[in-house]
$ cat start-v1.pdb   # PDB, C-alpha atoms
ATOM      1  CA  VAL F 231      -9.851  -3.112  -9.678  1.00  0.00           C
ATOM      2  CA  GLN F 232     -10.082  -4.570  -6.201  1.00  0.00           C
ATOM      3  CA  LEU F 233      -8.409  -3.080  -3.149  1.00  0.00           C
ATOM      4  CA  GLN F 234      -7.681  -5.025   0.032  1.00  0.00           C
ATOM      5  CA  ALA F 235      -6.760  -2.959   3.075  1.00  0.00           C
ATOM      6  CA  SER F 236      -5.155  -4.474   6.144  1.00  0.00           C
ATOM      7  CA  GLY F 237      -2.908  -3.730   9.069  1.00  0.00           C
ATOM      8  CA  GLY F 238      -5.147  -1.959  11.537  1.00  0.00           C
ATOM      9  CA  GLY F 239      -5.150  -2.710  15.214  1.00  0.00           C
ATOM     10  CA  LEU F 240      -4.876  -1.384  18.738  1.00  0.00           C
ATOM     11  CA  VAL F 241      -1.765   0.557  19.690  1.00  0.00           C
ATOM     12  CA  GLN F 242      -0.740   2.874  22.496  1.00  0.00           C
ATOM     13  CA  ALA F 243      -0.091   6.533  21.867  1.00  0.00           C
ATOM     14  CA  GLY F 244       3.393   6.998  20.471  1.00  0.00           C
ATOM     15  CA  GLY F 245       3.335   3.609  18.798  1.00  0.00           C
ATOM     16  CA  SER F 246       3.417   2.634  15.136  1.00  0.00           C
ATOM     17  CA  LEU F 247       1.340   0.683  12.647  1.00  0.00           C
ATOM     18  CA  ARG F 248       1.731  -0.019   8.949  1.00  0.00           C
ATOM     19  CA  LEU F 249      -1.355  -0.257   6.791  1.00  0.00           C
ATOM     20  CA  SER F 250      -1.311  -2.080   3.466  1.00  0.00           C
ATOM     21  CA  CYS F 251      -3.528  -1.630   0.428  1.00  0.00           C
ATOM     22  CA  ALA F 252      -3.105  -4.428  -2.089  1.00  0.00           C
ATOM     23  CA  ALA F 253      -4.494  -3.731  -5.560  1.00  0.00           C
ATOM     24  CA  SER F 254      -5.522  -6.422  -8.013  1.00  0.00           C
ATOM     25  CA  GLY F 255      -7.258  -6.594 -11.351  1.00  0.00           C
ATOM     26  CA  ARG F 256      -6.761  -4.004 -14.103  1.00  0.00           C
ATOM     27  CA  THR F 257      -4.303  -1.757 -12.278  1.00  0.00           C
ATOM     28  CA  LEU F 258      -2.422  -0.522 -15.351  1.00  0.00           C
ATOM     29  CA  GLY F 259      -4.647   2.524 -15.810  1.00  0.00           C
ATOM     30  CA  LEU F 260      -4.626   3.703 -12.225  1.00  0.00           C
ATOM     31  CA  TYR F 261      -3.657   7.327 -11.547  1.00  0.00           C
ATOM     32  CA  ALA F 262      -3.176   7.429  -7.777  1.00  0.00           C
ATOM     33  CA  VAL F 263      -3.916   5.705  -4.493  1.00  0.00           C
ATOM     34  CA  GLY F 264      -5.039   7.499  -1.381  1.00  0.00           C
ATOM     35  CA  TRP F 265      -5.657   6.748   2.255  1.00  0.00           C
ATOM     36  CA  PHE F 266      -8.694   8.202   3.983  1.00  0.00           C
ATOM     37  CA  ARG F 267     -10.039   7.900   7.495  1.00  0.00           C
ATOM     38  CA  GLN F 268     -13.354   8.263   9.235  1.00  0.00           C
ATOM     39  CA  ALA F 269     -13.515   8.813  12.967  1.00  0.00           C
ATOM     40  CA  PRO F 270     -16.692   7.993  14.907  1.00  0.00           C
ATOM     41  CA  GLY F 271     -19.349  10.604  14.212  1.00  0.00           C
ATOM     42  CA  LYS F 272     -17.206  12.447  11.682  1.00  0.00           C
ATOM     43  CA  GLU F 273     -16.946  12.643   7.921  1.00  0.00           C
ATOM     44  CA  ARG F 274     -14.384  10.715   5.919  1.00  0.00           C
ATOM     45  CA  THR F 275     -11.294  12.815   5.245  1.00  0.00           C
ATOM     46  CA  SER F 276      -8.154  12.457   3.204  1.00  0.00           C
ATOM     47  CA  VAL F 277      -4.932  11.419   4.946  1.00  0.00           C
ATOM     48  CA  ALA F 278      -2.327  10.858   2.239  1.00  0.00           C
ATOM     49  CA  SER F 279      -1.996  10.013  -1.422  1.00  0.00           C
ATOM     50  CA  ILE F 280       0.624   8.953  -3.936  1.00  0.00           C
ATOM     51  CA  SER F 281       0.649   8.580  -7.690  1.00  0.00           C
ATOM     52  CA  TRP F 282       0.530   5.056  -9.101  1.00  0.00           C
ATOM     53  CA  SER F 283       4.099   5.628 -10.295  1.00  0.00           C
ATOM     54  CA  ALA F 284       5.014   6.354  -6.657  1.00  0.00           C
ATOM     55  CA  LYS F 285       5.665  10.045  -7.201  1.00  0.00           C
ATOM     56  CA  ASN F 286       4.249  13.142  -5.548  1.00  0.00           C
ATOM     57  CA  PRO F 287       3.324  11.873  -2.092  1.00  0.00           C
ATOM     58  CA  SER F 288       1.062  14.279  -0.270  1.00  0.00           C
ATOM     59  CA  TYR F 289      -0.222  14.469   3.298  1.00  0.00           C
ATOM     60  CA  VAL F 290      -2.803  16.296   5.304  1.00  0.00           C
ATOM     61  CA  ASP F 291      -1.181  18.695   7.758  1.00  0.00           C
ATOM     62  CA  SER F 292      -2.170  16.708  10.838  1.00  0.00           C
ATOM     63  CA  VAL F 293      -0.127  13.657   9.805  1.00  0.00           C
ATOM     64  CA  ARG F 294       2.759  15.225   7.894  1.00  0.00           C
ATOM     65  CA  GLY F 295       6.039  14.193   9.503  1.00  0.00           C
ATOM     66  CA  ARG F 296       4.448  11.204  11.262  1.00  0.00           C
ATOM     67  CA  PHE F 297       2.953   9.189   8.390  1.00  0.00           C
ATOM     68  CA  THR F 298       4.737   7.990   5.255  1.00  0.00           C
ATOM     69  CA  ILE F 299       3.009   6.689   2.141  1.00  0.00           C
ATOM     70  CA  SER F 300       4.901   4.430  -0.241  1.00  0.00           C
ATOM     71  CA  LYS F 301       4.329   1.877  -2.986  1.00  0.00           C
ATOM     72  CA  ASP F 302       5.821  -1.504  -3.788  1.00  0.00           C
ATOM     73  CA  HIS F 303       5.632  -1.773  -7.559  1.00  0.00           C
ATOM     74  CA  ALA F 304       6.265  -5.499  -7.618  1.00  0.00           C
ATOM     75  CA  LYS F 305       3.363  -6.178  -5.294  1.00  0.00           C
ATOM     76  CA  ASP F 306       1.011  -3.417  -6.478  1.00  0.00           C
ATOM     77  CA  THR F 307       0.667  -2.537  -2.824  1.00  0.00           C
ATOM     78  CA  VAL F 308       0.574   0.895  -1.207  1.00  0.00           C
ATOM     79  CA  TYR F 309       1.647   1.257   2.392  1.00  0.00           C
ATOM     80  CA  LEU F 310       0.896   3.850   5.045  1.00  0.00           C
ATOM     81  CA  GLN F 311       3.534   3.800   7.763  1.00  0.00           C
ATOM     82  CA  MET F 312       2.093   5.543  10.804  1.00  0.00           C
ATOM     83  CA  ASP F 313       4.495   6.585  13.545  1.00  0.00           C
ATOM     84  CA  ASN F 314       4.029   8.541  16.745  1.00  0.00           C
ATOM     85  CA  LEU F 315       0.343   7.737  16.706  1.00  0.00           C
ATOM     86  CA  LYS F 316      -2.041   9.892  18.698  1.00  0.00           C
ATOM     87  CA  PRO F 317      -5.514   9.145  20.076  1.00  0.00           C
ATOM     88  CA  ASP F 318      -6.900  11.571  17.476  1.00  0.00           C
ATOM     89  CA  ASP F 319      -5.683   9.163  14.781  1.00  0.00           C
ATOM     90  CA  THR F 320      -8.288   6.642  15.908  1.00  0.00           C
ATOM     91  CA  ALA F 321     -10.526   5.923  12.914  1.00  0.00           C
ATOM     92  CA  VAL F 322     -11.457   3.438  10.259  1.00  0.00           C
ATOM     93  CA  TYR F 323      -8.888   3.804   7.498  1.00  0.00           C
ATOM     94  CA  TYR F 324      -9.800   3.236   3.862  1.00  0.00           C
ATOM     95  CA  CYS F 325      -7.692   3.094   0.730  1.00  0.00           C
ATOM     96  CA  ALA F 326      -8.982   4.243  -2.616  1.00  0.00           C
ATOM     97  CA  ALA F 327      -7.708   4.348  -6.182  1.00  0.00           C
ATOM     98  CA  SER F 328      -8.372   6.825  -8.948  1.00  0.00           C
ATOM     99  CA  VAL F 329      -8.126   6.799 -12.722  1.00  0.00           C
ATOM    100  CA  ARG F 330      -7.735  10.565 -12.906  1.00  0.00           C
ATOM    101  CA  SER F 331      -7.028  13.398 -10.524  1.00  0.00           C
ATOM    102  CA  ASN F 332      -9.357  13.668  -7.525  1.00  0.00           C
ATOM    103  CA  SER F 333     -11.763  11.036  -8.765  1.00  0.00           C
ATOM    104  CA  TRP F 334     -11.668   8.130  -6.339  1.00  0.00           C
ATOM    105  CA  ARG F 335     -13.407   5.315  -8.156  1.00  0.00           C
ATOM    106  CA  TYR F 336     -12.339   2.197  -6.298  1.00  0.00           C
ATOM    107  CA  TRP F 337     -12.510   1.692  -2.548  1.00  0.00           C
ATOM    108  CA  GLY F 338     -11.228  -0.993  -0.249  1.00  0.00           C
ATOM    109  CA  GLN F 339     -12.910  -2.126   2.909  1.00  0.00           C
ATOM    110  CA  GLY F 340     -11.908  -0.248   6.022  1.00  0.00           C
ATOM    111  CA  THR F 341      -9.378  -1.270   8.615  1.00  0.00           C
ATOM    112  CA  LEU F 342      -9.800  -0.034  12.173  1.00  0.00           C
ATOM    113  CA  VAL F 343      -6.992   1.802  13.917  1.00  0.00           C
ATOM    114  CA  THR F 344      -7.441   2.441  17.628  1.00  0.00           C
ATOM    115  CA  VAL F 345      -4.880   4.509  19.539  1.00  0.00           C
ATOM    116  CA  SER F 346      -5.170   4.411  23.310  1.00  0.00           C
ATOM    117  CA  SER F 347      -3.896   7.196  25.531  1.00  0.00           C
TER     118      SER F 347
END
$ encode --input "start-v1.pdb" --output "structure tokens"
Amino acid sequence: VQLQASGGGLVQAGGSLRLSCAASGRTLGLYAVGWFRQAPGKERTSVASISWSAKNPSYVDSVRGRFTISKDHAKDTVYLQMDNLKPDDTAVYYCAASVRSNSWRYWGQGTLVTVSS
């Protein structure tokens, strides 16, 4: 499985971005896709996740109500719509896919999100 993340950029606080994670290869056995982020000097942390069947979206508390994760079945692509962005959201964002619960096997390259104040 290959994951291609895109959609990062520079945005002012309060703005929006939509990240995309396009999956290719043997995607039939995937369990879930998640978005993670790593801010400068900090560890990588989970942001949101969704099952491969597009059920059970979950969010970390700091983004709940501002970010929305979704999946386009036809395109095998998972999106992260990010609204009301804050400077604290500045990070490199990564998508990952699992074949069972909490076992992130496949990782995409990061996409940089920078939120200016």
$ resolve_selection --input "start-v1.pdb" --expression "the PyMOL selection byres ((chain F and resi 236) around 7)" --output "count of residues only"
8
$ resolve_selection --input "start-v1.pdb" --expression "the PyMOL selection byres ((chain F and resi 299-304) around 9)" --output "VMD selection string"
chain F and resid 264 to 265 278 to 285 287 to 289 297 to 298 305 to 312
$ closest_residue --input "start-v1.pdb" --among "F:Val277, F:Val293, F:Val322, F:Leu260" --to "Leu240 (chain F)" --atoms "all atoms listed in the file"
F:Val322
$ residues_around --input "start-v1.pdb" --residues "Asn332 (chain F)" --least-positions-apart "5" --cutoff "10 Å" --atoms "all atoms listed in the file" --output "list in words"
Tyr261, Ala262, Gly264 and Ala327 of chain F
$ write_last_selection --input "start-v1.pdb" --atoms "C-alpha atoms" --output "CSV table (one decimal), in the coordinates of the input"
chain,number,residue,atom,x,y,z
F,261,TYR,CA,-3.7,7.3,-11.5
F,262,ALA,CA,-3.2,7.4,-7.8
F,264,GLY,CA,-5.0,7.5,-1.4
F,327,ALA,CA,-7.7,4.3,-6.2
$ residues_around --input "start-v1.pdb" --residues "Arg296 (chain F)" --least-positions-apart "5" --cutoff "8 Å" --atoms "only C-alpha atoms" --output "PyMOL selection string"
chain F and resi 312-315
$ atom_distance --input "start-v1.pdb" --atom1 "CA of Lys316 (chain F)" --atom2 "CA of Leu247 (chain F)"
11.5 Å
$ closest_residue --input "start-v1.pdb" --among "F:Val241, F:Ser254, F:Asp318, F:Ser246" --to "Tyr336 (chain F)" --atoms "only C-alpha atoms"
F:Ser254
$ closest_residue --input "start-v1.pdb" --among "F:Val345, F:Leu233, F:Val263, F:Val290" --to "Ser276 (chain F)" --atoms "only C-alpha atoms"
F:Val290
$ residues_near_point --input "start-v1.pdb" --point "(-17.1, 7.1, 6.5)" --cutoff "10 Å" --atoms "only C-alpha atoms" --output "VMD selection string"
chain F and resid 266 to 275 321 to 324 340
$ write_last_selection --input "start-v1.pdb" --atoms "C-alpha atoms" --output "mmCIF file, keeping the file's coordinate frame"
data_model
loop_
_atom_site.group_PDB
_atom_site.id
_atom_site.type_symbol
_atom_site.label_atom_id
_atom_site.label_comp_id
_atom_site.auth_asym_id
_atom_site.auth_seq_id
_atom_site.Cartn_x
_atom_site.Cartn_y
_atom_site.Cartn_z
ATOM 1 C CA PHE F 266 -8.694 8.202 3.983
ATOM 2 C CA ARG F 267 -10.039 7.900 7.495
ATOM 3 C CA GLN F 268 -13.354 8.263 9.235
ATOM 4 C CA ALA F 269 -13.515 8.813 12.967
ATOM 5 C CA PRO F 270 -16.692 7.993 14.907
ATOM 6 C CA GLY F 271 -19.349 10.604 14.212
ATOM 7 C CA LYS F 272 -17.206 12.447 11.682
ATOM 8 C CA GLU F 273 -16.946 12.643 7.921
ATOM 9 C CA ARG F 274 -14.384 10.715 5.919
ATOM 10 C CA THR F 275 -11.294 12.815 5.245
ATOM 11 C CA ALA F 321 -10.526 5.923 12.914
ATOM 12 C CA VAL F 322 -11.457 3.438 10.259
ATOM 13 C CA TYR F 323 -8.888 3.804 7.498
ATOM 14 C CA TYR F 324 -9.800 3.236 3.862
ATOM 15 C CA GLY F 340 -11.908 -0.248 6.022
#
$ atom_distance --input "start-v1.pdb" --atom1 "CA of Ala243 (chain F)" --atom2 "CA of Gln339 (chain F)"
24.5 Å
$ atom_distance --input "start-v1.pdb" --atom1 "CA of Ser346 (chain F)" --atom2 "CA of Arg294 (chain F)"
20.4 Å
$ closest_residue --input "start-v1.pdb" --among "F:Gly259, F:Arg248, F:Val231, F:Gln242" --to "Val329 (chain F)" --atoms "only C-alpha atoms"
F:Gly259
$ closest_residue --input "start-v1.pdb" --among "F:Leu342, F:Gln232, F:Asn286, F:Gly295" --to "Ala252 (chain F)" --atoms "all atoms listed in the file"
F:Gln232
$ decode --input "start-v1.pdb" --residues "region 248-261 of chain F" --atoms "N, CA and C atoms" --output "PDB file, in the first residue's frame"
ATOM      1  N   ARG F 248      -7.646  21.761   3.268  1.00  0.00           N
ATOM      2  CA  ARG F 248      -8.092  20.376   3.167  1.00  0.00           C
ATOM      3  C   ARG F 248      -6.914  19.517   2.745  1.00  0.00           C
ATOM      4  N   LEU F 249      -6.573  18.568   3.586  1.00  0.00           N
ATOM      5  CA  LEU F 249      -5.520  17.617   3.277  1.00  0.00           C
ATOM      6  C   LEU F 249      -6.124  16.379   2.623  1.00  0.00           C
ATOM      7  N   SER F 250      -5.375  15.786   1.726  1.00  0.00           N
ATOM      8  CA  SER F 250      -5.795  14.563   1.045  1.00  0.00           C
ATOM      9  C   SER F 250      -4.774  13.466   1.271  1.00  0.00           C
ATOM     10  N   CYS F 251      -5.253  12.246   1.393  1.00  0.00           N
ATOM     11  CA  CYS F 251      -4.383  11.080   1.520  1.00  0.00           C
ATOM     12  C   CYS F 251      -4.905  10.032   0.539  1.00  0.00           C
ATOM     13  N   ALA F 252      -4.225   9.909  -0.582  1.00  0.00           N
ATOM     14  CA  ALA F 252      -4.636   8.984  -1.623  1.00  0.00           C
ATOM     15  C   ALA F 252      -3.929   7.645  -1.427  1.00  0.00           C
ATOM     16  N   ALA F 253      -4.706   6.583  -1.330  1.00  0.00           N
ATOM     17  CA  ALA F 253      -4.155   5.243  -1.138  1.00  0.00           C
ATOM     18  C   ALA F 253      -4.164   4.489  -2.448  1.00  0.00           C
ATOM     19  N   SER F 254      -3.117   3.704  -2.672  1.00  0.00           N
ATOM     20  CA  SER F 254      -3.037   2.876  -3.870  1.00  0.00           C
ATOM     21  C   SER F 254      -2.399   1.550  -3.507  1.00  0.00           C
ATOM     22  N   GLY F 255      -2.526   0.592  -4.397  1.00  0.00           N
ATOM     23  CA  GLY F 255      -1.998  -0.734  -4.138  1.00  0.00           C
ATOM     24  C   GLY F 255      -3.075  -1.645  -3.561  1.00  0.00           C
ATOM     25  N   ARG F 256      -2.685  -2.535  -2.661  1.00  0.00           N
ATOM     26  CA  ARG F 256      -3.609  -3.530  -2.107  1.00  0.00           C
ATOM     27  C   ARG F 256      -4.384  -2.940  -0.925  1.00  0.00           C
ATOM     28  N   THR F 257      -5.359  -2.134  -1.221  1.00  0.00           N
ATOM     29  CA  THR F 257      -6.112  -1.415  -0.187  1.00  0.00           C
ATOM     30  C   THR F 257      -7.266  -2.220   0.385  1.00  0.00           C
ATOM     31  N   LEU F 258      -7.597  -3.355  -0.204  1.00  0.00           N
ATOM     32  CA  LEU F 258      -8.792  -4.093   0.200  1.00  0.00           C
ATOM     33  C   LEU F 258      -8.747  -4.506   1.666  1.00  0.00           C
ATOM     34  N   GLY F 259      -7.568  -4.816   2.183  1.00  0.00           N
ATOM     35  CA  GLY F 259      -7.464  -5.308   3.547  1.00  0.00           C
ATOM     36  C   GLY F 259      -7.214  -4.238   4.600  1.00  0.00           C
ATOM     37  N   LEU F 260      -7.318  -2.984   4.216  1.00  0.00           N
ATOM     38  CA  LEU F 260      -7.051  -1.929   5.177  1.00  0.00           C
ATOM     39  C   LEU F 260      -8.150  -1.850   6.236  1.00  0.00           C
ATOM     40  N   TYR F 261      -7.761  -1.468   7.438  1.00  0.00           N
ATOM     41  CA  TYR F 261      -8.677  -1.383   8.582  1.00  0.00           C
ATOM     42  C   TYR F 261      -9.092   0.064   8.843  1.00  0.00           C
TER      43      TYR F 261
END
